[in-house]
file protein.cif (mmCIF, C-alpha atoms)
data_start
loop_
_atom_site.group_PDB
_atom_site.id
_atom_site.type_symbol
_atom_site.label_atom_id
_atom_site.label_comp_id
_atom_site.auth_asym_id
_atom_site.auth_seq_id
_atom_site.Cartn_x
_atom_site.Cartn_y
_atom_site.Cartn_z
ATOM 1 C CA CYS A 1 5.397 -17.974 8.589
ATOM 2 C CA VAL A 2 4.694 -17.461 4.895
ATOM 3 C CA GLY A 3 6.875 -14.350 4.738
ATOM 4 C CA ARG A 4 9.836 -16.147 6.301
ATOM 5 C CA ALA A 5 9.344 -19.210 4.097
ATOM 6 C CA VAL A 6 9.329 -17.077 0.962
ATOM 7 C CA ALA A 7 12.400 -15.186 2.205
ATOM 8 C CA ALA A 8 14.246 -18.461 2.739
ATOM 9 C CA LEU A 9 13.455 -19.513 -0.828
ATOM 10 C CA VAL A 10 14.142 -16.139 -2.489
ATOM 11 C CA THR A 11 17.194 -14.707 -0.717
ATOM 12 C CA PRO A 12 19.699 -17.206 -2.167
ATOM 13 C CA PHE A 13 18.932 -15.607 -5.545
ATOM 14 C CA VAL A 14 18.363 -11.992 -4.463
ATOM 15 C CA HIS A 15 20.667 -9.908 -2.315
ATOM 16 C CA HIS A 16 19.495 -9.802 1.331
ATOM 17 C CA ALA A 17 19.642 -6.030 1.626
ATOM 18 C CA ARG A 18 17.659 -5.553 -1.562
ATOM 19 C CA TYR A 19 15.026 -8.073 -0.398
ATOM 20 C CA LEU A 20 14.688 -6.331 2.972
ATOM 21 C CA ALA A 21 14.367 -2.968 1.222
ATOM 22 C CA TRP A 22 11.431 -4.292 -0.814
ATOM 23 C CA GLN A 23 9.871 -5.780 2.323
ATOM 24 C CA LEU A 24 10.117 -2.427 4.132
ATOM 25 C CA LEU A 25 8.538 -0.643 1.175
ATOM 26 C CA LEU A 26 5.717 -3.225 1.120
ATOM 27 C CA ALA A 27 5.161 -2.665 4.850
ATOM 28 C CA ILE A 28 4.948 1.104 4.307
ATOM 29 C CA ALA A 29 2.496 0.696 1.410
ATOM 30 C CA SER A 30 0.367 -1.740 3.434
ATOM 31 C CA ALA A 31 0.281 0.558 6.468
ATOM 32 C CA ALA A 32 -0.718 3.455 4.203
ATOM 33 C CA ALA A 33 -3.527 1.356 2.676
ATOM 34 C CA LEU A 34 -4.752 0.468 6.162
ATOM 35 C CA TRP A 35 -4.702 4.142 7.097
ATOM 36 C CA VAL A 36 -6.828 4.989 4.050
ATOM 37 C CA ALA A 37 -9.281 2.199 4.955
ATOM 38 C CA ALA A 38 -9.450 3.421 8.557
ATOM 39 C CA GLU A 39 -10.339 6.914 7.334
ATOM 40 C CA ALA A 40 -13.053 5.597 4.966
ATOM 41 C CA PRO A 41 -16.721 5.711 5.945
ATOM 42 C CA ALA A 42 -17.833 2.591 7.837
ATOM 43 C CA GLU A 43 -20.198 1.460 5.070
ATOM 44 C CA ASP A 44 -17.294 1.348 2.556
ATOM 45 C CA VAL A 45 -15.400 -1.214 4.626
ATOM 46 C CA GLU A 46 -18.329 -3.290 5.850
ATOM 47 C CA PRO A 47 -17.134 -6.872 6.635
ATOM 48 C CA GLY A 48 -17.637 -9.055 3.583
ATOM 49 C CA SER A 49 -17.659 -6.162 1.098
ATOM 50 C CA SER A 50 -15.001 -5.623 -1.549
ATOM 51 C CA GLY A 51 -13.808 -2.578 0.415
ATOM 52 C CA TRP A 52 -13.282 -4.854 3.409
ATOM 53 C CA TRP A 53 -11.244 -7.376 1.428
ATOM 54 C CA LEU A 54 -9.227 -4.812 -0.538
ATOM 55 C CA GLY A 55 -8.903 -2.167 2.168
ATOM 56 C CA VAL A 56 -8.476 -4.224 5.335
ATOM 57 C CA VAL A 57 -7.794 -7.924 4.752
ATOM 58 C CA ALA A 58 -5.337 -7.669 1.839
ATOM 59 C CA PRO A 59 -3.235 -4.847 3.373
ATOM 60 C CA THR A 60 -3.157 -6.668 6.726
ATOM 61 C CA ALA A 61 -1.919 -9.846 5.028
ATOM 62 C CA CYS A 62 0.671 -7.868 3.053
ATOM 63 C CA PHE A 63 1.823 -6.085 6.216
ATOM 64 C CA GLY A 64 2.342 -9.391 8.035
ATOM 65 C CA PHE A 65 4.093 -10.868 4.997
ATOM 66 C CA ALA A 66 6.425 -7.850 4.829
ATOM 67 C CA ILE A 67 7.278 -7.730 8.537
ATOM 68 C CA ALA A 68 7.877 -11.467 9.056
ATOM 69 C CA PRO A 69 11.383 -11.794 7.535
ATOM 70 C CA LEU A 70 12.794 -8.481 8.765
ATOM 71 C CA PHE A 71 14.510 -9.629 11.965
ATOM 72 C CA PRO A 72 16.370 -12.679 10.612
ATOM 73 C CA GLY A 73 17.112 -10.813 7.395
ATOM 74 C CA ALA A 74 18.509 -7.859 9.293
ATOM 75 C CA LEU A 75 20.949 -10.165 11.082
ATOM 76 C CA LEU A 76 22.178 -11.394 7.687
ATOM 77 C CA VAL A 77 22.643 -7.826 6.464
ATOM 78 C CA VAL A 78 24.568 -6.914 9.635
ATOM 79 C CA GLU A 79 26.948 -9.803 8.991
ATOM 80 C CA GLU A 80 27.408 -8.653 5.396
ATOM 81 C CA LEU A 81 28.128 -5.095 6.539
ATOM 82 C CA LEU A 82 30.615 -6.331 9.149
ATOM 83 C CA GLY A 83 32.255 -8.746 6.734
ATOM 84 C CA HIS A 84 32.205 -11.551 9.307
ATOM 85 C CA ALA A 85 29.817 -13.466 11.541
ATOM 86 C CA LEU A 86 28.152 -11.538 14.334
ATOM 87 C CA PRO A 87 29.873 -12.432 17.648
ATOM 88 C CA ALA A 88 27.685 -14.452 20.013
ATOM 89 C CA ARG A 89 27.643 -11.731 22.684
ATOM 90 C CA ASP A 90 26.465 -9.119 20.179
ATOM 91 C CA ALA A 91 23.876 -11.495 18.718
ATOM 92 C CA GLY A 92 22.582 -12.071 22.255
ATOM 93 C CA ARG A 93 22.243 -8.322 22.758
ATOM 94 C CA VAL A 94 20.310 -7.998 19.505
ATOM 95 C CA VAL A 95 17.970 -10.844 20.449
ATOM 96 C CA GLY A 96 17.506 -9.360 23.941
ATOM 97 C CA ALA A 97 16.628 -5.961 22.482
ATOM 98 C CA ALA A 98 14.177 -7.625 20.090
ATOM 99 C CA ALA A 99 12.543 -9.504 22.969
ATOM 100 C CA ALA A 100 12.185 -6.258 24.929
ATOM 101 C CA GLY A 101 10.545 -4.688 21.906
ATOM 102 C CA GLU A 102 8.213 -7.674 21.564
ATOM 103 C CA MET A 103 7.090 -7.084 25.144
ATOM 104 C CA ILE A 104 6.728 -3.299 25.001
ATOM 105 C CA LEU A 105 5.368 -2.630 21.510
ATOM 106 C CA PRO A 106 2.173 -4.727 21.874
ATOM 107 C CA LEU A 107 1.298 -2.680 24.956
ATOM 108 C CA LEU A 108 1.829 0.551 23.050
ATOM 109 C CA VAL A 109 -0.092 -0.754 20.033
ATOM 110 C CA GLY A 110 -3.006 -1.781 22.257
ATOM 111 C CA ALA A 111 -3.046 1.634 23.900
ATOM 112 C CA LEU A 112 -3.003 3.379 20.511
ATOM 113 C CA PHE A 113 -5.712 1.103 19.133
ATOM 114 C CA SER A 114 -7.942 1.808 22.126
ATOM 115 C CA VAL A 115 -7.660 5.521 21.335
ATOM 116 C CA SER A 116 -8.558 5.059 17.669
ATOM 117 C CA PRO A 117 -7.854 2.559 14.881
ATOM 118 C CA VAL A 118 -6.579 5.493 12.825
ATOM 119 C CA SER A 119 -3.858 6.247 15.391
ATOM 120 C CA PHE A 120 -2.779 2.609 15.168
ATOM 121 C CA CYS A 121 -2.441 2.858 11.377
ATOM 122 C CA TRP A 122 -0.428 6.061 11.312
ATOM 123 C CA SER A 123 1.803 4.832 14.137
ATOM 124 C CA GLN A 124 2.634 1.700 12.130
ATOM 125 C CA LEU A 125 3.278 3.846 9.085
ATOM 126 C CA VAL A 126 5.654 6.071 11.065
ATOM 127 C CA LEU A 127 7.448 3.045 12.585
ATOM 128 C CA CYS A 128 7.904 1.404 9.177
ATOM 129 C CA ALA A 129 9.068 4.643 7.550
ATOM 130 C CA GLY A 130 11.517 5.220 10.413
ATOM 131 C CA ALA A 131 12.859 1.678 10.102
ATOM 132 C CA ALA A 132 13.228 2.139 6.338
ATOM 133 C CA LEU A 133 15.081 5.425 6.846
ATOM 134 C CA ILE A 134 17.505 3.814 9.304
ATOM 135 C CA PHE A 135 17.944 0.792 7.034
ATOM 136 C CA PHE A 136 18.612 2.815 3.875
ATOM 137 C CA THR A 137 20.957 5.154 5.745
ATOM 138 C CA ASN A 138 23.048 2.297 7.143
ATOM 139 C CA SER A 139 23.002 -0.149 4.253
ATOM 140 C CA GLY A 140 22.871 2.195 1.281
ATOM 141 C CA SER A 141 26.447 1.397 0.279
ATOM 142 C CA LEU A 142 25.643 -2.309 0.353
ATOM 143 C CA LEU A 143 22.608 -1.797 -1.885
ATOM 144 C CA ILE A 144 24.574 0.329 -4.351
ATOM 145 C CA SER A 145 27.663 -1.912 -4.483
ATOM 146 C CA LYS A 146 25.575 -5.010 -5.148
ATOM 147 C CA ALA A 147 23.578 -3.225 -7.857
ATOM 148 C CA LYS A 148 26.809 -2.509 -9.790
ATOM 149 C CA GLN A 149 27.826 -6.180 -9.799
#
call {"tool": "encode", "arguments": {"input": "protein.cif", "output": "structure tokens"}}
result
Amino acid sequence: CVGRAVAALVTPFVHHARYLAWQLLLAIASAAALWVAAEAPAEDVEPGSSGWWLGVVAPTACFGFAIAPLFPGALLVVEELLGHALPARDAGRVVGAAAAGEMILPLLVGALFSVSPVSFCWSQLVLCAGAALIFFTNSGSLLISKAKQ
């Protein structure tokens, strides 16, 4: 909720694609921090310790903050890339694909987490890096053209 509220307040002043790029980079950094914390000895991340707050709680909050505005923001970027509003049929397909992902990914995440918390962290890191790669590949011209203006 906080991530989407901040996005709603910030994106009128910052280009959508640039804001989403920063959010993806924050998600990657947060997932990497969680991976480091998951690899740390248990006594370094004992609940209530500074390692717990800095290595687990803060990166988890940052990860949630970064992921929250990605879907609605991506729809805005798609409309900017197309140069017109997304047709209702296509928007329905996008929402349907997102709903399918919302059903399948929690199952996969739960299975990975049951194997090891470390596998959960690196899988999130790989997913975020893959999403960033796809985003930068497809909207790079939009990011560059807006930077020149």
call {"tool": "closest_atom_pairs", "arguments": {"input": "protein.cif", "of": "segment 78-121 of chain A", "to": "segment 17-27 of chain A", "cutoff": "12 Å", "atoms": "all atoms listed in the file", "output": "Markdown table"}}
result
| residue | atom | partner | partner_atom | distance |
| --- | --- | --- | --- | --- |
| A:Val78 | CA | A:Ala17 | CA | 9.4 |
| A:Glu79 | CA | A:Ala17 | CA | 11.0 |
| A:Glu80 | CA | A:Ala17 | CA | 9.0 |
| A:Leu81 | CA | A:Ala17 | CA | 9.9 |
| A:Cys121 | CA | A:Ala27 | CA | 11.4 |
call {"tool": "residues_around", "arguments": {"input": "protein.cif", "residues": "Pro59 of chain A", "least_positions_apart": "6", "cutoff": "10 Å", "atoms": "all atoms listed in the file", "output": "PyMOL selection string"}}
result
chain A and resi 26-27+29-35+37+53+65
call {"tool": "residues_around", "arguments": {"input": "protein.cif", "residues": "segment 96-101 of chain A", "least_positions_apart": "6", "cutoff": "12 Å", "atoms": "only C-alpha atoms", "output": "MDAnalysis selection string"}}
result
chainID A and resid 70:72 74:75 89:90 107:109
call {"tool": "atom_distance", "arguments": {"input": "protein.cif", "atom1": "atom CA of Ala7 of chain A", "atom2": "atom CA of Leu125 of chain A"}}
result
22.2 Å
call {"tool": "atom_distance", "arguments": {"input": "protein.cif", "atom1": "atom CA of Ser119 of chain A", "atom2": "atom CA of Gly3 of chain A"}}
result
25.6 Å
call {"tool": "closest_residue", "arguments": {"input": "protein.cif", "among": "A:Ser49, A:Val115, A:Asn138, A:Val2", "to": "Ala61 of chain A", "atoms": "only C-alpha atoms"}}
result
A:Val2
call {"tool": "atom_distance", "arguments": {"input": "protein.cif", "atom1": "atom CA of Ser123 of chain A", "atom2": "atom CA of Arg93 of chain A"}}
result
25.8 Å
